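Report on the following structure.
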2 protein chains.
Amino acid sequence: MADSSKVLVFRQMDSKVEEGFWARYSSFKLNELGIDDSPLPITGFFKPCSRDGVPETLTLLTESLSSEPSEKYFSFEGGNRNRCPVPGTLYNSNTMESFRALDRGTLLKNEMGKIWNDIMSGKVEEEPNFLLRFLVISYADLKRWRFHYLFAFPAMDLKPPVELLSLHSASKYLNSEETESLSEALNKWRNSSLTSDVSFFLVCITSNSVVTIKLLKDWKDTQSENCKILYGFYDPSNLQTNPGWPLRNFLSFISLRWKVEKICFLCYRESHGLANMELSLVGEALISISQDWNFPQYVPKAVGWETNMRKLAFKHMSLVESMDPTRLAISAADLNLKLMRWRTLPSLDLNKLSDVKCLLLGAGTLGCQVARMLMAWGIRKMTLVDNGRVAMSNPLRQSLYTLDNCLNGGEMKSSAAVKSLKKIFPAVEAEGISMTIPMPGHPILPQETDHVLEECKQLQNLVSSHDVVFLLTDTRESRWLPTLLCANTNKIVITAALGFDSYLVMRHGAGPHCESVVNSEPNIGDDCKNLEANVEKLSITSGGKEPRLGCYFCNDVVAPIDSLSNRTLDQQCTVTRPGLAPIASSLAVELLVGVLHHPNGLNAPAEHLNSSMDCIDRPLGILPHQIRGSLPQFSQLTLAGKSSDSCTACSSTVVSEYRKRNMDFVLQAINHPTYLEDLTGLTELMEKANSCEVDWDEYNSTDDDI
Amino acid sequence: MADSSKVLVFRQMDSKVEEGFWARYSSFKLNELGIDDSPLPITGFFKPCSRDGVPETLTLLTESLSSEPSEKYFSFEGGNRNRCPVPGTLYNSNTMESFRALDRGTLLKNEMGKIWNDIMSGKVEEEPNFLLRFLVISYADLKRWRFHYLFAFPAMDLKPPVELLSLHSASKYLNSEETESLSEALNKWRNSSLTSDVSFFLVCITSNSVVTIKLLKDWKDTQSENCKILYGFYDPSNLQTNPGWPLRNFLSFISLRWKVEKICFLCYRESHGLANMELSLVGEALISISQDWNFPQYVPKAVGWETNMRKLAFKHMSLVESMDPTRLAISAADLNLKLMRWRTLPSLDLNKLSDVKCLLLGAGTLGCQVARMLMAWGIRKMTLVDNGRVAMSNPLRQSLYTLDNCLNGGEMKSSAAVKSLKKIFPAVEAEGISMTIPMPGHPILPQETDHVLEECKQLQNLVSSHDVVFLLTDTRESRWLPTLLCANTNKIVITAALGFDSYLVMRHGAGPHCESVVNSEPNIGDDCKNLEANVEKLSITSGGKEPRLGCYFCNDVVAPIDSLSNRTLDQQCTVTRPGLAPIASSLAVELLVGVLHHPNGLNAPAEHLNSSMDCIDRPLGILPHQIRGSLPQFSQLTLAGKSSDSCTACSSTVVSEYRKRNMDFVLQAINHPTYLEDLTGLTELMEKANSCEVDWDEYNSTDDDI
Ligand SMILES: [Zn+2]
Ligand SMILES: [Zn+2]
């Protein structure tokens, strides 16, 4: 090595990621990839150094991730001179631990191998930018919208190092004619849509100082011409002493592919969009390739992890600051559910959950918890109905209220609950309605009739405009009218009822006139046409028709629970062991999710633990009719009961009468305690209603109502 | 009836209740009475009209309810001239419905009967104020601090009405000497502690205008003296035309007892604390008693419900405005629990619950719900430990957080949780501690040792200063050190762990060196001296010693749940079905309440549904060792496992080593993944720890920690 020679030191490639890239990646990860962590093709963009003193970077933009990611790096037609595309690969890890544990050496070597193959196969001549192939490893923390990443620009570890024989401004190296001709040729190259983003090229200078620029694949042709060749590339480096990183693999390529040892190169740089011959450099380098490199299958050692002050340049980006909290909350909620689907429940239908409309009758201990559980399952549309105000004793058990809601007489529960739901998840579409549910056997004064009729109609409208109704009030009578309305319109009904230390959670069966619904598309709430055909199809245990499942009023709620407890459920409306409501509410929502995912929905037959292996194949598990549990015994069992022909709420007699006489029928049931009994031959409902101790909570007095 | 005569119309008695009365009643109701709604003796107070134009009232004060209520109306020694005591009875109803349904006619008649008996028996001569006996019916809505009430001052319905012959200012009726002498005598009477509160008396006027005042019981003596008698009473009425209500029963008494028909009465009134002879009235009345009244057992019809504008004067008082919200919240919470005790669980030990100190390790989905459940059960003292910040995805499942807690990087969970608990119930004594729990097999750098040792010591201190420890973290390893510390100090430990769709809730058995604790008083947390004697005593199923129950690490958690699910609990730390956490948390707290109420506390043997009838006699139910449940199967079962001699957390070997070497031992366990294995011969713990997938939530990166 001559005294004047020295080692050629390449300026490292800098990287930059715009927020849009991580935003698109996040959305792609959430909506398409899930936990799939296969490497992903991406496209980086760079351009020659174009401002004095400022190096250019390889940049990831929103478009770096194709909307249809396949091996399509160069789908950027009509070349953008400032966005020369470079193929890259993103290795994203699903956890910080796996990110840390990545075998960076192997990853870099693998990418290097691709470049090596492209060099050896000649592919680089067709696609010169492949020489700049890069990789990014990352951990996208989608719960916190934080992105941890590291770039690598693989390059051969050249041993011995490249010797730099000379390095000058292009304008100094060339004579003025050559300089002018080169400028002109380069500007043309940079402005032609065919070549503007081709960042490696050949400069041919004839002896009479005419310069032409050619593609790498034309190299052979140039050899027969009598011209001097400069090996040119778009140089991101801003330094006059050091060419940029792309030259590194370029020199290796030239040496390996074309066996040139002494290489005259051109570092192309611009200012104001035009070639700048003062900033551009021309240099001469001497490269000698190790003999090893000639072995087939050989891949040279690679370097190229981005560093800063000799340490790996791990970078972090947070999108939190640039996103509004509501959007962040939605994304976080989506992510939670998607994780559940990706990891365990591929059949989970998140759209069905987010579209279903739930009506919650009662916003007390049960209602608050059910609303929370619905949101946790991704159900976004709900209406809460309650006529009470938040009392001092409520917040400890009713999980949507705080002491503030109790001051000054107490806010209406329905509106306080909705406010609270929005604080938890601002995107919830929740509405609160303060109204009383008309009750049978509670006669009203003539002057009250209009008001009660209005409430009946409001309830009718609410039931029709929702897909699912939860019965969560604490009296038996208040469940009657909603049960009837749902039986009439075939809505999914989920009931939760608490005793002192036992609970009942059940779904109602379809209505008695289910077959008369003639809808074209079966969907939630009215997918019960051809009920009989369905139940016949589903009939596993019995040979004949599967009977329709009962409602809350079909079965004596006392009898079936005898085996668990000798207390009746309805005798003690108020006082319950604190653990009951969260358990019953959670089961109620899990039961709904089961119904929504069952192929037969509302008409799904009752399943038991050992009823059929088919059921257990469904990842959500069995779909029982009733779940009853006892805290003193820490036990829980599933039961089923068929609908009763003399049910006061869902029997054909009652529903037919309601259809015939509508509000007249309802008013009669309200005003004449014996009417339903007369109609169905049952006295039980009224006896129960009368024996139910009045809740201290229930009475909302005003100063003049005594 | 002469033309000049007219019907004597008595001015109605007015009532007044000071807030203090309802405040004391509420406290008495909550702390002593419970749901007992027996009539309660109370004392009303009144005095003669003492300001021109303002009638006096019968007033209930704080002292109206004796602190030891028995039949002690007149425990007011040394008579207060402005608080003449009158016996009354309070009929409080527990619900608005029963208040409304009270049979007011019968109640009034019963009180009238008492007055009648006192008249006929002569008791009134001893205790004249008994003539003013009154009653109050009420509904004390202790959840809202609203009081609804109505007074009655029973009086005989006189038929024919009393005829008023004349009515004049005393100063007009009497000559000036008589007037002066009467004034003097009355002032003396009113100022003597023996007579000042005796509101009925005899005025004897001699022919030479000397006036003396005598007790009713001296009436017979006055008959032998040659003097004119005025029947005097303290008159609350301010009207010159109408004597007050007390005269009504007084006239009946005079007529019935002494057979006087033409009665000269004195309505005594004051001004500035002295007898005022212009305001005081003297009148003459003619009373004729119905013949019926002479039948034995007869009780005349009664009148006397307080009215206003001819309607019953129901009154309402709210204490809410005069109480601070925190006090209100405490009362409401107390009431909820007391209702539970009164109605269903008389053995519930509310003091034990409010005194017990709980340490919650983990403030995520489980921790939030456990804290809520503890408060609902009346547990007031708790410390929450967590090292994380509230992330965007948390509020939907972690019920103490809202979106606000997530902004700006997220608040520390421990402090956000405590803030939230205080919003629900300001009297909670909750503390939040942000710290990491040292984990075995997670080696630390030498420079971290001091910090980790500090954490170990902090955890040691926390465990010693609490009675109960809940293990609610989401990794297995983080439960190890607390389990060991609790086994060493014999704390109650409740563990809740979630799989994807199954849960485990269990209590740990006592520590291995339980018998070495030599404490004098057995109480929560260290009542396990004489363990062996205890377990022998309790041993029902087996003949020999009952083995100590296992801890979370004693049993392979996978094996026992195989019957429920083929998924292991720890393989999937993050993703769970939303219903699981509320269910497991509720069961965990119910289990704790069971332990606290079991006579053997920490040492209670494992009970199963059918293990013994003894258990089922306890109102809280059985006390199992482990509860395991599965959502896909809607099933739940109880299990028991004995402690293992080679347990890495609670075996005698491990606890002894810890006692011997303390922090050295812990550090060795942390730094040497095989140490515990070497010590106990188990490899299981570490294998589990390593295979546990890292939670996305777990990593809290800072910008320079990679
Ligand atoms: Zn029915
Ligand atoms: Zn153990």
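Letters A, B, ... go to the chains of the structure tokens in the order shown; residues in each chain start at 1; ligands are counted from 1 in the same order.
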> Hey, what's within 12 Å of Asp292 (chain B) if we count only C-alpha atoms and toss same-chain stuff fewer than 6 positions away? As an NGL selection string, please?
Replying inline: :B and (158-159 or 256 or 298-301)
Using only all heavy atoms, please write the residues we just selected to a file, as an mmCIF file, in the first residue's frame.
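What landed in selection_18.cif:
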data_model
loop_
_atom_site.group_PDB
_atom_site.id
_atom_site.type_symbol
_atom_site.label_atom_id
_atom_site.label_comp_id
_atom_site.auth_asym_id
_atom_site.auth_seq_id
_atom_site.Cartn_x
_atom_site.Cartn_y
_atom_site.Cartn_z
ATOM 1 N N LEU B 158 -114.785 13.967 73.281
ATOM 2 C CA LEU B 158 -115.817 14.284 74.275
ATOM 3 C C LEU B 158 -117.160 14.535 73.608
ATOM 4 O O LEU B 158 -117.284 15.415 72.748
ATOM 5 C CB LEU B 158 -115.381 15.517 75.077
ATOM 6 C CG LEU B 158 -114.073 15.324 75.871
ATOM 7 C CD1 LEU B 158 -113.527 16.652 76.353
ATOM 8 C CD2 LEU B 158 -114.302 14.384 77.043
ATOM 9 N N LYS B 159 -118.151 13.733 73.994
ATOM 10 C CA LYS B 159 -119.517 13.891 73.469
ATOM 11 C C LYS B 159 -120.450 13.935 74.665
ATOM 12 O O LYS B 159 -120.455 12.973 75.453
ATOM 13 C CB LYS B 159 -119.903 12.705 72.579
ATOM 14 C CG LYS B 159 -119.069 12.586 71.324
ATOM 15 C CD LYS B 159 -119.823 13.071 70.083
ATOM 16 C CE LYS B 159 -118.915 13.356 68.902
ATOM 17 N NZ LYS B 159 -118.423 12.185 68.208
ATOM 18 N N LEU B 256 -113.844 12.595 85.406
ATOM 19 C CA LEU B 256 -113.942 11.149 85.632
ATOM 20 C C LEU B 256 -113.479 10.761 87.030
ATOM 21 O O LEU B 256 -114.080 9.942 87.704
ATOM 22 C CB LEU B 256 -113.080 10.402 84.596
ATOM 23 C CG LEU B 256 -113.655 10.286 83.185
ATOM 24 C CD1 LEU B 256 -112.561 9.909 82.201
ATOM 25 C CD2 LEU B 256 -114.784 9.243 83.160
ATOM 26 N N TYR B 298 -114.235 0.125 79.489
ATOM 27 C CA TYR B 298 -114.541 1.050 78.405
ATOM 28 C C TYR B 298 -113.354 1.955 78.119
ATOM 29 O O TYR B 298 -112.683 2.447 79.025
ATOM 30 C CB TYR B 298 -115.772 1.894 78.780
ATOM 31 C CG TYR B 298 -116.142 2.854 77.697
ATOM 32 C CD1 TYR B 298 -116.890 2.426 76.589
ATOM 33 C CD2 TYR B 298 -115.737 4.188 77.748
ATOM 34 C CE1 TYR B 298 -117.221 3.302 75.587
ATOM 35 C CE2 TYR B 298 -116.052 5.067 76.736
ATOM 36 C CZ TYR B 298 -116.799 4.618 75.647
ATOM 37 O OH TYR B 298 -117.120 5.484 74.641
ATOM 38 N N VAL B 299 -113.105 2.146 76.859
ATOM 39 C CA VAL B 299 -112.121 3.158 76.465
ATOM 40 C C VAL B 299 -112.814 4.061 75.456
ATOM 41 O O VAL B 299 -113.337 3.561 74.445
ATOM 42 C CB VAL B 299 -110.869 2.537 75.834
ATOM 43 C CG1 VAL B 299 -109.934 3.628 75.334
ATOM 44 C CG2 VAL B 299 -110.155 1.640 76.831
ATOM 45 N N PRO B 300 -112.895 5.333 75.740
ATOM 46 C CA PRO B 300 -113.619 6.216 74.835
ATOM 47 C C PRO B 300 -112.911 6.345 73.495
ATOM 48 O O PRO B 300 -111.713 6.064 73.373
ATOM 49 C CB PRO B 300 -113.624 7.556 75.571
ATOM 50 C CG PRO B 300 -112.444 7.496 76.473
ATOM 51 C CD PRO B 300 -112.258 6.062 76.848
ATOM 52 N N LYS B 301 -113.638 6.787 72.523
ATOM 53 C CA LYS B 301 -113.029 7.044 71.222
ATOM 54 C C LYS B 301 -111.956 8.111 71.365
ATOM 55 O O LYS B 301 -112.077 9.025 72.193
ATOM 56 C CB LYS B 301 -114.086 7.506 70.229
ATOM 57 C CG LYS B 301 -114.831 6.337 69.564
ATOM 58 C CD LYS B 301 -115.941 6.810 68.669
ATOM 59 C CE LYS B 301 -115.432 7.349 67.336
ATOM 60 N NZ LYS B 301 -116.605 7.704 66.462
#
For chain B against ligand 2, with a cut-off of 6 Å and counting only C-alpha atoms and all ligand atoms, what is the closest atom pair and its distance in Å to one decimal for every residue that makes the cut, ordered by chain and number, as JSON lines?
{"residue": "B:Gly550", "atom": "CA", "partner": "ligand 2", "partner_atom_place_in_ligand_line": "1 (Zn)", "distance": 5.1}
{"residue": "B:Cys551", "atom": "CA", "partner": "ligand 2", "partner_atom_place_in_ligand_line": "1 (Zn)", "distance": 4.0}
{"residue": "B:Phe553", "atom": "CA", "partner": "ligand 2", "partner_atom_place_in_ligand_line": "1 (Zn)", "distance": 4.7}
{"residue": "B:Cys554", "atom": "CA", "partner": "ligand 2", "partner_atom_place_in_ligand_line": "1 (Zn)", "distance": 3.7}
{"residue": "B:Ser643", "atom": "CA", "partner": "ligand 2", "partner_atom_place_in_ligand_line": "1 (Zn)", "distance": 5.4}
{"residue": "B:Ser644", "atom": "CA", "partner": "ligand 2", "partner_atom_place_in_ligand_line": "1 (Zn)", "distance": 5.8}
{"residue": "B:Cys647", "atom": "CA", "partner": "ligand 2", "partner_atom_place_in_ligand_line": "1 (Zn)", "distance": 4.5}
{"residue": "B:Ala649", "atom": "CA", "partner": "ligand 2", "partner_atom_place_in_ligand_line": "1 (Zn)", "distance": 5.1}
{"residue": "B:Cys650", "atom": "CA", "partner": "ligand 2", "partner_atom_place_in_ligand_line": "1 (Zn)", "distance": 4.0}
{"residue": "B:Ser651", "atom": "CA", "partner": "ligand 2", "partner_atom_place_in_ligand_line": "1 (Zn)", "distance": 5.8}
Keeping only all heavy atoms, write the selected residues as a PDB file, in the first residue's frame.
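Once everything was written out, this is result-v4.pdb:
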ATOM      1  N   GLY B 550     -52.095 -27.578  51.633  1.00  0.00           N
ATOM      2  CA  GLY B 550     -51.017 -27.122  50.775  1.00  0.00           C
ATOM      3  C   GLY B 550     -51.108 -25.658  50.399  1.00  0.00           C
ATOM      4  O   GLY B 550     -52.104 -24.987  50.654  1.00  0.00           O
ATOM      5  N   CYS B 551     -50.019 -25.181  49.803  1.00  0.00           N
ATOM      6  CA  CYS B 551     -50.005 -23.820  49.270  1.00  0.00           C
ATOM      7  C   CYS B 551     -50.081 -23.920  47.749  1.00  0.00           C
ATOM      8  O   CYS B 551     -50.202 -24.997  47.178  1.00  0.00           O
ATOM      9  CB  CYS B 551     -48.733 -23.078  49.707  1.00  0.00           C
ATOM     10  SG  CYS B 551     -47.256 -23.535  48.776  1.00  0.00           S
ATOM     11  N   PHE B 553     -47.873 -23.682  45.643  1.00  0.00           N
ATOM     12  CA  PHE B 553     -46.753 -24.403  45.031  1.00  0.00           C
ATOM     13  C   PHE B 553     -46.699 -25.872  45.437  1.00  0.00           C
ATOM     14  O   PHE B 553     -45.912 -26.623  44.899  1.00  0.00           O
ATOM     15  CB  PHE B 553     -45.428 -23.716  45.388  1.00  0.00           C
ATOM     16  CG  PHE B 553     -45.290 -22.367  44.765  1.00  0.00           C
ATOM     17  CD1 PHE B 553     -45.655 -21.224  45.451  1.00  0.00           C
ATOM     18  CD2 PHE B 553     -44.817 -22.240  43.463  1.00  0.00           C
ATOM     19  CE1 PHE B 553     -45.541 -19.978  44.858  1.00  0.00           C
ATOM     20  CE2 PHE B 553     -44.701 -20.997  42.872  1.00  0.00           C
ATOM     21  CZ  PHE B 553     -45.070 -19.854  43.570  1.00  0.00           C
ATOM     22  N   CYS B 554     -47.499 -26.242  46.434  1.00  0.00           N
ATOM     23  CA  CYS B 554     -47.452 -27.620  46.924  1.00  0.00           C
ATOM     24  C   CYS B 554     -47.946 -28.604  45.884  1.00  0.00           C
ATOM     25  O   CYS B 554     -47.449 -29.703  45.748  1.00  0.00           O
ATOM     26  CB  CYS B 554     -48.328 -27.762  48.165  1.00  0.00           C
ATOM     27  SG  CYS B 554     -47.471 -27.289  49.672  1.00  0.00           S
ATOM     28  N   SER B 643     -50.182 -30.344  52.111  1.00  0.00           N
ATOM     29  CA  SER B 643     -48.911 -29.697  51.842  1.00  0.00           C
ATOM     30  C   SER B 643     -47.881 -30.738  51.447  1.00  0.00           C
ATOM     31  O   SER B 643     -47.970 -31.903  51.835  1.00  0.00           O
ATOM     32  CB  SER B 643     -48.441 -28.941  53.077  1.00  0.00           C
ATOM     33  OG  SER B 643     -48.266 -29.852  54.132  1.00  0.00           O
ATOM     34  N   SER B 644     -46.913 -30.295  50.672  1.00  0.00           N
ATOM     35  CA  SER B 644     -45.897 -31.225  50.182  1.00  0.00           C
ATOM     36  C   SER B 644     -44.586 -30.991  50.928  1.00  0.00           C
ATOM     37  O   SER B 644     -44.181 -29.849  51.154  1.00  0.00           O
ATOM     38  CB  SER B 644     -45.692 -30.995  48.687  1.00  0.00           C
ATOM     39  OG  SER B 644     -44.408 -31.435  48.307  1.00  0.00           O
ATOM     40  N   CYS B 647     -42.179 -28.938  48.902  1.00  0.00           N
ATOM     41  CA  CYS B 647     -42.677 -27.686  48.325  1.00  0.00           C
ATOM     42  C   CYS B 647     -41.570 -26.640  48.370  1.00  0.00           C
ATOM     43  O   CYS B 647     -40.873 -26.491  49.371  1.00  0.00           O
ATOM     44  CB  CYS B 647     -43.898 -27.198  49.091  1.00  0.00           C
ATOM     45  SG  CYS B 647     -44.470 -25.585  48.525  1.00  0.00           S
ATOM     46  N   ALA B 649     -41.941 -23.537  48.482  1.00  0.00           N
ATOM     47  CA  ALA B 649     -42.329 -22.297  49.154  1.00  0.00           C
ATOM     48  C   ALA B 649     -42.736 -22.496  50.605  1.00  0.00           C
ATOM     49  O   ALA B 649     -42.503 -21.628  51.432  1.00  0.00           O
ATOM     50  CB  ALA B 649     -43.467 -21.633  48.387  1.00  0.00           C
ATOM     51  N   CYS B 650     -43.358 -23.634  50.924  1.00  0.00           N
ATOM     52  CA  CYS B 650     -43.899 -23.743  52.279  1.00  0.00           C
ATOM     53  C   CYS B 650     -43.407 -24.962  53.037  1.00  0.00           C
ATOM     54  O   CYS B 650     -43.865 -25.228  54.147  1.00  0.00           O
ATOM     55  CB  CYS B 650     -45.431 -23.717  52.253  1.00  0.00           C
ATOM     56  SG  CYS B 650     -46.199 -25.306  51.899  1.00  0.00           S
ATOM     57  N   SER B 651     -42.478 -25.712  52.450  1.00  0.00           N
ATOM     58  CA  SER B 651     -42.034 -26.907  53.159  1.00  0.00           C
ATOM     59  C   SER B 651     -41.145 -26.511  54.334  1.00  0.00           C
ATOM     60  O   SER B 651     -40.566 -25.426  54.366  1.00  0.00           O
ATOM     61  CB  SER B 651     -41.255 -27.831  52.214  1.00  0.00           C
ATOM     62  OG  SER B 651     -40.091 -27.187  51.764  1.00  0.00           O
TER      63      SER B 651
END
> Any idea what's packed within 7 Å of Leu216 (chain B), counting only C-alpha atoms, ignoring anything in its chain fewer than 2 positions away? Could you give it as a PyMOL selection string?
Replying inline: chain B and resi 125+201-202+214+218-219
Go ahead and save the picked residues with N, CA and C atoms, as a short mmCIF file (atom, residue, chain, number, x, y, z; two decimals), in the first residue's frame.
data_model
loop_
_atom_site.label_atom_id
_atom_site.label_comp_id
_atom_site.auth_asym_id
_atom_site.auth_seq_id
_atom_site.Cartn_x
_atom_site.Cartn_y
_atom_site.Cartn_z
N GLU B 125 -102.63 11.13 89.21
CA GLU B 125 -102.42 12.01 90.38
C GLU B 125 -100.96 12.01 90.80
N PHE B 201 -101.63 21.10 88.01
CA PHE B 201 -101.57 21.44 89.45
C PHE B 201 -102.90 22.04 89.89
N LEU B 202 -103.00 22.24 91.20
CA LEU B 202 -104.21 22.81 91.78
C LEU B 202 -103.89 24.18 92.35
N LYS B 214 -100.90 23.40 94.71
CA LYS B 214 -100.76 22.06 95.26
C LYS B 214 -100.69 21.03 94.15
N ASP B 218 -102.90 16.02 96.13
CA ASP B 218 -103.41 16.66 97.35
C ASP B 218 -104.84 17.14 97.20
N TRP B 219 -105.48 16.74 96.12
CA TRP B 219 -106.83 17.24 95.82
C TRP B 219 -107.81 17.01 96.98
#
>> Need to verify the contact set: region 117-119 of chain B, 12 Å, only C-alpha atoms, exclusion of same-chain residues closer than 2 positions in sequence. Can you return it as a ChimeraX atom specification?
In response: /B:110-115,121-133,156,216,249-258,296-300
Mind writing the picked residues with C-alpha atoms as a compact mmCIF listing (two decimals), in the first residue's frame?
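result08.txt, freshly written:
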# COMPACT_ATOMS: atom_id res chain seq x y z
CA ASN B 110 -104.09 1.73 72.34
CA GLU B 111 -102.35 4.86 73.57
CA MET B 112 -105.69 6.33 74.61
CA GLY B 113 -106.25 3.16 76.58
CA LYS B 114 -103.05 3.76 78.52
CA ILE B 115 -104.17 7.30 79.42
CA SER B 121 -106.10 3.92 88.41
CA GLY B 122 -105.18 7.28 89.87
CA LYS B 123 -101.71 7.11 88.42
CA VAL B 124 -102.25 10.52 86.88
CA GLU B 125 -102.42 12.01 90.38
CA GLU B 126 -98.86 10.79 90.92
CA GLU B 127 -97.60 11.51 87.43
CA PRO B 128 -99.77 14.25 85.96
CA ASN B 129 -97.70 14.54 82.76
CA PHE B 130 -98.93 11.05 81.80
CA LEU B 131 -102.10 12.81 80.67
CA LEU B 132 -100.09 14.11 77.70
CA ARG B 133 -98.90 10.71 76.56
CA MET B 156 -110.94 11.61 74.44
CA LEU B 216 -102.96 16.83 92.10
CA ASN B 249 -107.53 15.21 78.88
CA PHE B 250 -107.22 17.24 82.10
CA LEU B 251 -110.92 18.08 82.04
CA SER B 252 -111.77 14.45 81.31
CA PHE B 253 -109.60 13.38 84.19
CA ILE B 254 -111.15 15.89 86.65
CA SER B 255 -114.60 14.89 85.62
CA LEU B 256 -113.94 11.15 85.63
CA ARG B 257 -111.74 10.92 88.68
CA TRP B 258 -113.18 13.59 90.91
CA PRO B 296 -115.59 -1.17 83.18
CA GLN B 297 -113.09 -1.85 80.36
CA TYR B 298 -114.54 1.05 78.40
CA VAL B 299 -112.12 3.16 76.47
CA PRO B 300 -113.62 6.22 74.83
>> Give me the residues near region 384-393 of chain A as a PyMOL selection string, where near means some atom within 8 Å (using only C-alpha atoms) and where sequence neighbours in that chain fewer than 6 positions away do not count.
In response: (chain A and resi 359-363+367+401+403+405-406+409-414+416-418+430-436+697-698+700) or (chain B and resi 143-144+328-329+332-333+335-336)
Go through chain A and flag each residue having an atom no more than 12 Å from ligand 1; for those, report the closest pair of atoms plus their distance in Å to one decimal, using only C-alpha atoms and all ligand atoms, ordered by chain and rising number, as CSV.
residue,atom,partner,partner_atom_place_in_ligand_line,distance
A:Arg479,CA,ligand 1,1 (Zn),11.2
A:Trp480,CA,ligand 1,1 (Zn),9.4
A:Leu481,CA,ligand 1,1 (Zn),11.5
A:Pro482,CA,ligand 1,1 (Zn),11.6
A:Thr483,CA,ligand 1,1 (Zn),7.9
A:Leu484,CA,ligand 1,1 (Zn),8.3
A:Leu485,CA,ligand 1,1 (Zn),11.6
A:Cys486,CA,ligand 1,1 (Zn),10.7
A:Ala487,CA,ligand 1,1 (Zn),8.3
A:Asn488,CA,ligand 1,1 (Zn),11.4
A:Val493,CA,ligand 1,1 (Zn),11.5
A:Arg507,CA,ligand 1,1 (Zn),11.1
A:His508,CA,ligand 1,1 (Zn),7.8
A:Gly509,CA,ligand 1,1 (Zn),8.2
A:Ala510,CA,ligand 1,1 (Zn),9.7
A:Gly511,CA,ligand 1,1 (Zn),8.7
A:Pro512,CA,ligand 1,1 (Zn),9.3
A:Arg548,CA,ligand 1,1 (Zn),9.8
A:Leu549,CA,ligand 1,1 (Zn),8.4
A:Gly550,CA,ligand 1,1 (Zn),5.1
A:Cys551,CA,ligand 1,1 (Zn),3.9
A:Tyr552,CA,ligand 1,1 (Zn),6.1
A:Phe553,CA,ligand 1,1 (Zn),4.7
A:Cys554,CA,ligand 1,1 (Zn),3.6
A:Asn555,CA,ligand 1,1 (Zn),7.3
A:Asp556,CA,ligand 1,1 (Zn),10.2
A:Val557,CA,ligand 1,1 (Zn),11.5
A:Gly641,CA,ligand 1,1 (Zn),9.9
A:Lys642,CA,ligand 1,1 (Zn),8.6
A:Ser643,CA,ligand 1,1 (Zn),5.4
A:Ser644,CA,ligand 1,1 (Zn),5.9
A:Asp645,CA,ligand 1,1 (Zn),7.9
A:Ser646,CA,ligand 1,1 (Zn),7.9
A:Cys647,CA,ligand 1,1 (Zn),4.6
A:Thr648,CA,ligand 1,1 (Zn),6.5
A:Ala649,CA,ligand 1,1 (Zn),5.1
A:Cys650,CA,ligand 1,1 (Zn),4.0
A:Ser651,CA,ligand 1,1 (Zn),5.8
A:Ser652,CA,ligand 1,1 (Zn),9.4
A:Thr653,CA,ligand 1,1 (Zn),10.9
A:Val654,CA,ligand 1,1 (Zn),9.6
A:Val655,CA,ligand 1,1 (Zn),10.2
A:Thr680,CA,ligand 1,1 (Zn),11.3
A:Leu682,CA,ligand 1,1 (Zn),12.0
A:Leu685,CA,ligand 1,1 (Zn),11.4
